[in-house]
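See structure below.
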Amino acid sequence: MKQKIEQLNARARALPRAQLGFFPTPLHRLDRLSGRLGIELYIKRDDLTGMSLFGGNKIRKLEHLMGDVLAQGADTVITYGAVQSNHAMQTATACRRLGLHPVLCLNPCSERDAGNVRANYLLNRILGAEVHVVDYIAGEAEADMKARRRAVGRSRAQALTQAGHTCYDMPSGGASPLGTVGYITGYAELMGQCLDLGIAPDYVFSATGTGGTQGGMVGGHLALGDRAQVIGIADSPLDDDFEENSAALCNGAMALLGLEERAKASDIYVDHNYYAPGYEKPSDIGTRAIRLMAREEGLMLDPVYTGKAFAGLLDWIEQGRVKPGSTVVFWHTGGVTALFADREIAGPLGEA
Amino acid sequence: MQENIKKLRQLTGAKPRANLGFYPTPFYKLERLSGQLGVELYIKRDDFSGMSLFGGNKVRKLEYLMGDALAQGSETVVTYGATQSNHAMQTATACRRLGLHPVLFLNAYVTPDENDIRANMLLDRILGAEMHVIQNEPGETDQQTEQRCFQTGKEHVQRLRDAGHKCYDVPMGGSSHVGAAGFADGYGELMEQCVQANVRPQYIFCATGSGGTQAGLVAGHHLVGDAAQIVGVAVSRKKPDEYEAYCADLANRALEWLGSDERVSAADFTVDRGYYLPGYEQPSEAASDAIRLLARTEGLMMDPVYTGKAFAGLLDWIKQGKIKPGSTVVFWHTGGATALFSEQEIVGSVSREG
């Protein structure tokens, strides 16, 4: 496997890349939780990607996407997301490190969300990003909202282009084949660390949302042929064609790397049972999972992604779907700033 | 010098230590800002200490303090600070990692809103720390509240000990000689990185509050014998001369604890009191500007209470020519960026648009 990892890394090095993080991120065993849960539990710390303290999984994608931005000579990056989007904040951070102008087109997830200067929205302000918040329309279909959000970006790109700027349009979540390359190499990084530790994971759990992170992991898994099952815990009611789209992202990225393996929709395993009551809405099981991790290991998860994903893993263990003694990697994808968001996102975590 | 660094790290390496962070923390040049300011500016990323995302400078101290707590067979750790204290939050985090029970005595300079608990206090709640909040009483000065907070905590420690519990008492800021020793070790770590990168710092800037960080750095510097000047930028009112003498004593007790015969004096401490106003945990325009500058030039975050003011001090030294163009400067990022998510009275104008 070592040889396969090296080959994969060599191919990735041929792509343009901006240095935006500190890699490899730590992989370590959670001793106290392992004992308590009766499994061998490891954590992959992509909350610690850097280079800002508030990094996260998007940095792996942005290293490739920003490499492309620089290669194309762009001076402005336009991207999309929710008001509290981790991707948008991390894109603004990356732009500042590289001397580029960040333009963010953001949608509120509720009426209150629109003017609430907390968490990632606050960081965007400090970063001086150009922020456009689209109106919140209750009951609007997601596709319609996305179309409006996109239109704001388009018209801004047009104006900036006319003023002589070169704009780069980046999809929400950094979920493109190029961004997905970052998680193929991320998976190879993990497996290299596992080799060094002398472990072979049975399961790799992560939160899944836009599909790029999981698509990349599955690509890495297919290329390396390791024994792990890659399981994504949905953070929202995902589209019916989510698995297909994620596989397409994976395959696009595999093609960019010149790798032959291809993913089918059935290779993307998603558990849809833990996002309720909805995206960016706190749940009791998420809150409990966050408290458990904090109180047993002194580590912080977030209420939107990693808290729910960890709740899913805990339930799999409780149900016996993960057998006692199994080796499990929980991939911490970051996003911990959401703890400091409004209570309607963070939930009752501040209660005594 | 390399021989001295090795000796220093042998001294610190002989002490019991709990593994609470990822070391060495990153050290690298801020390319864009260096160009803009006309100095060779490096950053030491102790905000990135881990193991929780919200580490910071206190973790170096806690590795030795908690090592000591474990060596003494403690089961409960009591400490002190403001409601938004980084030290208290990091101590609670360390306790949870080690299976110890964290007890925090927190004085409320800023009254927390029970329906909107923020930043470090929110993290303390998530960690399930036992928290005792001491409110400012009418007519009481901040110092008096702080004293009452200590007093109440000490009484609690006594009660626990009388009841047969093994209780480890950590001073505010972790600034005991044991904690300071952690920063002597940190200085050795930085110097190893400097040797490797062929960098010779002329200035090392850091925020200084409870004194343990600067005491440790100066002790480490004294043992290494390099050419850097260590400049502490005060984050609160410090009595003239008294603070330097206090820090020197802390450094000397750390050196003694480490088994070194070397000693420092108050004259080894440069503390600039020009940048903390209007007061501790109170935002300033200079700090807001400094935070924005680092965010917008390098994509890095500082905080309004400590690092923002310290960096504002460094910028002013450059502007005034106290640091000559082309000088090599290390800014020691001591963490605490969670304060960006605290109460508006602490955050200040950095949250404004523009």
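FYI, nothing fancy with the structure tokens labels: chains A, B, ... in order, residues from 1 per chain, ligands from 1 as they appear.
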Spatial neighbours of region 46-51 of chain A, max dist 7 Å, only C-alpha atoms, sep filter under 2 positions, as a CSV table (one decimal) with C-alpha atoms, in the first residue's frame:
chain,number,residue,atom,x,y,z
A,20,LEU,CA,-3.0,26.9,2.8
A,21,GLY,CA,-2.7,24.4,5.6
A,22,PHE,CA,-0.4,22.3,7.8
A,23,PHE,CA,-0.4,18.8,6.6
A,25,THR,CA,-3.2,16.7,10.2
A,44,LYS,CA,-8.4,12.4,12.1
A,53,LEU,CA,-7.1,28.6,13.6
A,54,PHE,CA,-10.5,28.2,11.9
A,55,GLY,CA,-9.5,25.8,9.1
A,56,GLY,CA,-11.4,22.6,8.4
A,57,ASN,CA,-12.0,20.1,5.7
A,59,ILE,CA,-8.8,23.7,3.2
A,332,HIS,CA,-13.2,15.5,12.2
A,333,THR,CA,-14.1,17.8,9.3
A,334,GLY,CA,-14.0,21.0,11.4
B,53,LEU,CA,-9.0,23.3,18.6
Each residue of chain A with at least one atom at most 8 Å from chain B should appear once, together with its nearest atom pair and the corresponding distance in Å (one decimal); atoms considered: only C-alpha atoms; ordering: chain, then increasing residue number; output as CSV.
residue,atom,partner,partner_atom,distance
A:Arg32,CA,B:Arg97,CA,7.9
A:Asp47,CA,B:Leu53,CA,6.9
A:Leu48,CA,B:Leu53,CA,6.6
A:Met51,CA,B:Leu300,CA,7.3
A:Ser52,CA,B:Leu300,CA,4.7
A:Leu53,CA,B:Phe48,CA,6.5
A:Ala92,CA,B:Gly299,CA,7.9
A:Thr93,CA,B:Gly299,CA,4.6
A:Ala94,CA,B:Gly299,CA,6.5
A:Cys95,CA,B:Gly299,CA,7.6
A:Arg96,CA,B:Gly299,CA,5.0
A:Arg97,CA,B:Glu298,CA,4.3
A:Leu98,CA,B:Glu298,CA,7.6
A:Gly99,CA,B:Thr297,CA,6.9
A:Val117,CA,B:Ser351,CA,7.4
A:Arg118,CA,B:Phe341,CA,7.0
A:Ala119,CA,B:Phe341,CA,6.6
A:Leu122,CA,B:Ser351,CA,6.0
A:Arg125,CA,B:Glu353,CA,5.9
A:Ile126,CA,B:Arg292,CA,5.6
A:Leu127,CA,B:Arg296,CA,5.1
A:Gly128,CA,B:Gly354,CA,6.6
A:Ile290,CA,B:Ile126,CA,7.6
A:Arg291,CA,B:Ile126,CA,5.6
A:Ala294,CA,B:Leu127,CA,5.1
A:Arg295,CA,B:Leu127,CA,5.1
A:Glu296,CA,B:Arg96,CA,5.7
A:Glu297,CA,B:Arg97,CA,4.4
A:Gly298,CA,B:Thr93,CA,4.6
A:Leu299,CA,B:Ser52,CA,4.7
A:Met300,CA,B:Ser52,CA,6.3
A:Phe340,CA,B:Phe341,CA,6.2
A:Arg343,CA,B:Asp116,CA,7.7
A:Leu349,CA,B:Ile126,CA,6.0
A:Gly350,CA,B:Leu122,CA,5.1
A:Glu351,CA,B:Arg125,CA,6.8
A:Ala352,CA,B:Arg125,CA,6.0
Write a file of the just-selected residues containing N, CA and C atoms, as a short mmCIF file (atom, residue, chain, number, x, y, z; two decimals), in the first residue's frame.
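The file below, result_9.cif, is the result:
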data_model
loop_
_atom_site.label_atom_id
_atom_site.label_comp_id
_atom_site.auth_asym_id
_atom_site.auth_seq_id
_atom_site.Cartn_x
_atom_site.Cartn_y
_atom_site.Cartn_z
N ARG A 32 -9.68 7.26 26.13
CA ARG A 32 -10.74 7.13 27.13
C ARG A 32 -12.05 6.68 26.48
N ASP A 47 -10.05 19.35 11.72
CA ASP A 47 -10.36 20.66 12.30
C ASP A 47 -9.06 21.45 12.50
N LEU A 48 -7.94 20.76 12.49
CA LEU A 48 -6.63 21.39 12.71
C LEU A 48 -5.84 21.55 11.41
N MET A 51 -4.46 27.24 7.82
CA MET A 51 -3.42 27.88 8.58
C MET A 51 -4.04 28.84 9.60
N SER A 52 -5.18 29.44 9.29
CA SER A 52 -5.92 30.13 10.33
C SER A 52 -6.34 29.09 11.36
N LEU A 53 -6.60 29.52 12.58
CA LEU A 53 -7.09 28.58 13.58
C LEU A 53 -8.38 27.93 13.08
N ALA A 92 -12.64 32.83 2.01
CA ALA A 92 -12.22 34.22 2.27
C ALA A 92 -10.85 34.24 2.94
N THR A 93 -10.64 33.34 3.89
CA THR A 93 -9.34 33.24 4.58
C THR A 93 -8.23 32.93 3.59
N ALA A 94 -8.48 31.94 2.72
CA ALA A 94 -7.48 31.54 1.72
C ALA A 94 -7.17 32.70 0.78
N CYS A 95 -8.21 33.42 0.37
CA CYS A 95 -8.01 34.57 -0.52
C CYS A 95 -7.08 35.59 0.13
N ARG A 96 -7.31 35.87 1.40
CA ARG A 96 -6.50 36.88 2.08
C ARG A 96 -5.05 36.44 2.17
N ARG A 97 -4.85 35.17 2.44
CA ARG A 97 -3.46 34.68 2.52
C ARG A 97 -2.76 34.85 1.17
N LEU A 98 -3.52 34.75 0.08
CA LEU A 98 -2.92 34.79 -1.26
C LEU A 98 -3.02 36.16 -1.92
N GLY A 99 -3.61 37.13 -1.22
CA GLY A 99 -3.71 38.46 -1.80
C GLY A 99 -4.80 38.61 -2.84
N VAL A 117 -24.51 38.81 13.34
CA VAL A 117 -23.07 38.84 13.10
C VAL A 117 -22.34 37.97 14.11
N ARG A 118 -22.39 36.67 13.90
CA ARG A 118 -21.72 35.75 14.82
C ARG A 118 -20.86 34.77 14.04
N ALA A 119 -20.04 34.07 14.76
CA ALA A 119 -19.30 32.90 14.24
C ALA A 119 -18.66 33.20 12.88
N LEU A 122 -19.06 36.69 11.42
CA LEU A 122 -18.17 37.65 12.08
C LEU A 122 -16.76 37.55 11.49
N ARG A 125 -16.43 39.27 8.26
CA ARG A 125 -16.31 40.73 8.43
C ARG A 125 -14.90 41.13 8.77
N ILE A 126 -14.31 40.40 9.72
CA ILE A 126 -12.93 40.73 10.12
C ILE A 126 -12.00 40.58 8.91
N LEU A 127 -12.27 39.56 8.10
CA LEU A 127 -11.47 39.33 6.90
C LEU A 127 -11.73 40.37 5.82
N GLY A 128 -12.77 41.17 6.02
CA GLY A 128 -13.09 42.20 5.04
C GLY A 128 -13.57 41.64 3.72
N ILE A 290 -21.70 15.83 21.32
CA ILE A 290 -20.72 16.91 21.54
C ILE A 290 -20.25 16.89 22.98
N ARG A 291 -21.21 16.77 23.91
CA ARG A 291 -20.84 16.76 25.33
C ARG A 291 -19.98 15.55 25.66
N ALA A 294 -16.46 16.13 24.47
CA ALA A 294 -15.80 17.18 25.28
C ALA A 294 -15.45 16.66 26.66
N ARG A 295 -16.35 15.89 27.24
CA ARG A 295 -16.16 15.50 28.64
C ARG A 295 -15.28 14.27 28.82
N GLU A 296 -15.16 13.46 27.77
CA GLU A 296 -14.28 12.29 27.84
C GLU A 296 -12.89 12.59 27.29
N GLU A 297 -12.82 13.46 26.28
CA GLU A 297 -11.54 13.64 25.60
C GLU A 297 -11.06 15.09 25.54
N GLY A 298 -11.91 16.03 25.98
CA GLY A 298 -11.52 17.43 25.90
C GLY A 298 -11.42 17.94 24.48
N LEU A 299 -12.22 17.38 23.56
CA LEU A 299 -12.21 17.84 22.18
C LEU A 299 -13.58 18.40 21.80
N MET A 300 -13.58 19.36 20.88
CA MET A 300 -14.81 20.03 20.50
C MET A 300 -15.30 19.59 19.11
N PHE A 340 -20.41 28.87 18.22
CA PHE A 340 -20.56 30.27 18.60
C PHE A 340 -21.63 30.97 17.76
N ARG A 343 -28.24 30.61 18.94
CA ARG A 343 -28.78 29.46 19.66
C ARG A 343 -29.62 28.55 18.76
N LEU A 349 -26.41 24.01 24.17
CA LEU A 349 -25.08 23.66 24.68
C LEU A 349 -24.60 24.56 25.81
N GLY A 350 -25.13 25.80 25.84
CA GLY A 350 -24.69 26.74 26.87
C GLY A 350 -25.36 26.53 28.21
N GLU A 351 -26.33 25.62 28.26
CA GLU A 351 -27.04 25.40 29.52
C GLU A 351 -26.16 24.62 30.50
N ALA A 352 -26.37 24.91 31.76
CA ALA A 352 -25.57 24.25 32.79
C ALA A 352 -26.00 22.79 32.93
#
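Every protein, DNA or RNA residue with an atom at most 12 Å from Asp315 (chain A), where only C-alpha atoms count and chain neighbours fewer than 5 positions away do not, is listed here: Leu37, Ile233, Asp271, Asn273, Tyr274, Ile285, Gly286, Arg288, Ala289, Lys308, Ala309, Phe310, Gly320, Arg321, Val322 and Lys323 of chain A.
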DSSP alpha helix (DSSP H) residues within region 130-338 of chain B, listed as an MDAnalysis selection string: chainID B and resid 142:162 177:197 212:224 242:257 285:298 307:319
Within 9 Å of Ala265 (chain A) using only C-alpha atoms, minus same-chain residues under 3 positions, as a VMD selection string: chain A and resid 241 to 248 268 to 269
Using the selection just defined, write its residues with N, CA and C atoms as a PDB file, in the first residue's frame.
ATOM      1  N   ASP A 241     -30.336  12.130  -5.905  1.00  0.00           N
ATOM      2  CA  ASP A 241     -29.185  11.749  -6.738  1.00  0.00           C
ATOM      3  C   ASP A 241     -27.852  12.075  -6.068  1.00  0.00           C
ATOM      4  N   PHE A 242     -27.891  12.228  -4.723  1.00  0.00           N
ATOM      5  CA  PHE A 242     -26.666  12.582  -4.003  1.00  0.00           C
ATOM      6  C   PHE A 242     -25.539  11.587  -4.275  1.00  0.00           C
ATOM      7  N   GLU A 243     -25.846  10.297  -4.131  1.00  0.00           N
ATOM      8  CA  GLU A 243     -24.816   9.270  -4.299  1.00  0.00           C
ATOM      9  C   GLU A 243     -24.225   9.322  -5.699  1.00  0.00           C
ATOM     10  N   GLU A 244     -25.094   9.551  -6.669  1.00  0.00           N
ATOM     11  CA  GLU A 244     -24.643   9.621  -8.059  1.00  0.00           C
ATOM     12  C   GLU A 244     -23.728  10.838  -8.272  1.00  0.00           C
ATOM     13  N   ASN A 245     -24.158  11.983  -7.710  1.00  0.00           N
ATOM     14  CA  ASN A 245     -23.348  13.205  -7.838  1.00  0.00           C
ATOM     15  C   ASN A 245     -22.003  13.070  -7.143  1.00  0.00           C
ATOM     16  N   SER A 246     -22.036  12.460  -5.966  1.00  0.00           N
ATOM     17  CA  SER A 246     -20.794  12.287  -5.214  1.00  0.00           C
ATOM     18  C   SER A 246     -19.847  11.358  -5.980  1.00  0.00           C
ATOM     19  N   ALA A 247     -20.411  10.296  -6.573  1.00  0.00           N
ATOM     20  CA  ALA A 247     -19.593   9.386  -7.387  1.00  0.00           C
ATOM     21  C   ALA A 247     -19.035  10.115  -8.608  1.00  0.00           C
ATOM     22  N   ALA A 248     -19.832  11.016  -9.178  1.00  0.00           N
ATOM     23  CA  ALA A 248     -19.360  11.780 -10.340  1.00  0.00           C
ATOM     24  C   ALA A 248     -18.215  12.707  -9.950  1.00  0.00           C
ATOM     25  N   ILE A 268     -20.942   4.875  -2.684  1.00  0.00           N
ATOM     26  CA  ILE A 268     -21.117   6.010  -1.761  1.00  0.00           C
ATOM     27  C   ILE A 268     -22.163   5.600  -0.738  1.00  0.00           C
ATOM     28  N   TYR A 269     -21.705   5.266   0.461  1.00  0.00           N
ATOM     29  CA  TYR A 269     -22.634   4.793   1.481  1.00  0.00           C
ATOM     30  C   TYR A 269     -23.000   5.940   2.421  1.00  0.00           C
TER      31      TYR A 269
END
A:His87, A:Arg112, A:Lys4, A:Arg36 ranked by distance to Asn124 (chain A), top pick (using only C-alpha atoms): A:His87
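With distances restricted to only C-alpha atoms, B:Thr79 is the closest residue to Pro171 (chain B) from B:Ile134, B:Thr79, B:Ala310, B:Tyr42.
The list of residues with at least one atom within 7 Å of Val131 (chain A), based on only C-alpha atoms and without residues fewer than 2 positions apart in the same chain, reads Val103, Leu104, Cys105, Ala129 and Val133 of chain A.
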Non-local contacts of Pro171 (chain A) (9 Å; only C-alpha atoms; under 6 positions in same chain excluded) as a ChimeraX atom specification: /A:78-81
Contact residues around region 239-254 of chain B with only C-alpha atoms at 8 Å, ignoring same-chain residues under 3 positions, as a ChimeraX atom specification: /B:176-178,180-181,211-212,214-216,218-219,257-258,262-271
Residues of region 10-242 of chain A in strand (DSSP E or B), written as number ranges by chain: A: 27-29, 40-45, 56, 76-82, 101-107, 130-133, 167-169, 203-208, 229-234
Would you export the selected residues with C-alpha atoms as an mmCIF file, in the first residue's frame, please?
data_model
loop_
_atom_site.group_PDB
_atom_site.id
_atom_site.type_symbol
_atom_site.label_atom_id
_atom_site.label_comp_id
_atom_site.auth_asym_id
_atom_site.auth_seq_id
_atom_site.Cartn_x
_atom_site.Cartn_y
_atom_site.Cartn_z
ATOM 1 C CA LEU A 27 -4.322 11.186 13.689
ATOM 2 C CA HIS A 28 -4.552 9.938 17.255
ATOM 3 C CA ARG A 29 -6.302 7.357 19.371
ATOM 4 C CA GLU A 40 -10.436 1.111 18.874
ATOM 5 C CA LEU A 41 -11.421 4.700 18.159
ATOM 6 C CA TYR A 42 -9.121 7.084 16.302
ATOM 7 C CA ILE A 43 -9.731 10.659 15.236
ATOM 8 C CA LYS A 44 -8.410 12.381 12.104
ATOM 9 C CA ARG A 45 -8.044 16.034 13.014
ATOM 10 C CA GLY A 56 -11.387 22.572 8.426
ATOM 11 C CA THR A 76 -11.067 37.769 -7.398
ATOM 12 C CA VAL A 77 -12.828 34.642 -6.142
ATOM 13 C CA ILE A 78 -16.612 34.397 -5.983
ATOM 14 C CA THR A 79 -18.216 31.632 -3.980
ATOM 15 C CA TYR A 80 -21.522 30.593 -2.424
ATOM 16 C CA GLY A 81 -22.979 29.170 0.758
ATOM 17 C CA ALA A 82 -25.189 29.682 3.797
ATOM 18 C CA HIS A 101 -10.306 39.611 -3.295
ATOM 19 C CA PRO A 102 -13.031 37.384 -1.740
ATOM 20 C CA VAL A 103 -16.684 37.803 -2.811
ATOM 21 C CA LEU A 104 -19.231 35.729 -0.874
ATOM 22 C CA CYS A 105 -22.866 35.218 -1.917
ATOM 23 C CA LEU A 106 -24.666 33.885 1.136
ATOM 24 C CA ASN A 107 -28.181 32.759 1.942
ATOM 25 C CA GLU A 130 -17.247 41.418 0.119
ATOM 26 C CA VAL A 131 -20.447 39.821 1.383
ATOM 27 C CA HIS A 132 -23.810 39.716 -0.409
ATOM 28 C CA VAL A 133 -26.661 38.257 1.624
ATOM 29 C CA CYS A 167 -12.945 36.523 -11.553
ATOM 30 C CA TYR A 168 -12.942 32.855 -10.592
ATOM 31 C CA ASP A 169 -16.307 31.247 -9.903
ATOM 32 C CA TYR A 203 -14.667 1.951 9.284
ATOM 33 C CA VAL A 204 -14.067 5.588 8.397
ATOM 34 C CA PHE A 205 -16.945 7.828 9.511
ATOM 35 C CA SER A 206 -17.484 11.446 8.454
ATOM 36 C CA ALA A 207 -20.217 14.014 8.040
ATOM 37 C CA THR A 208 -21.415 14.390 4.465
ATOM 38 C CA GLN A 229 -15.866 0.933 4.854
ATOM 39 C CA VAL A 230 -16.332 4.676 4.259
ATOM 40 C CA ILE A 231 -19.569 5.883 5.843
ATOM 41 C CA GLY A 232 -21.051 9.344 5.430
ATOM 42 C CA ILE A 233 -23.614 10.660 7.894
ATOM 43 C CA ALA A 234 -25.943 13.068 6.086
#
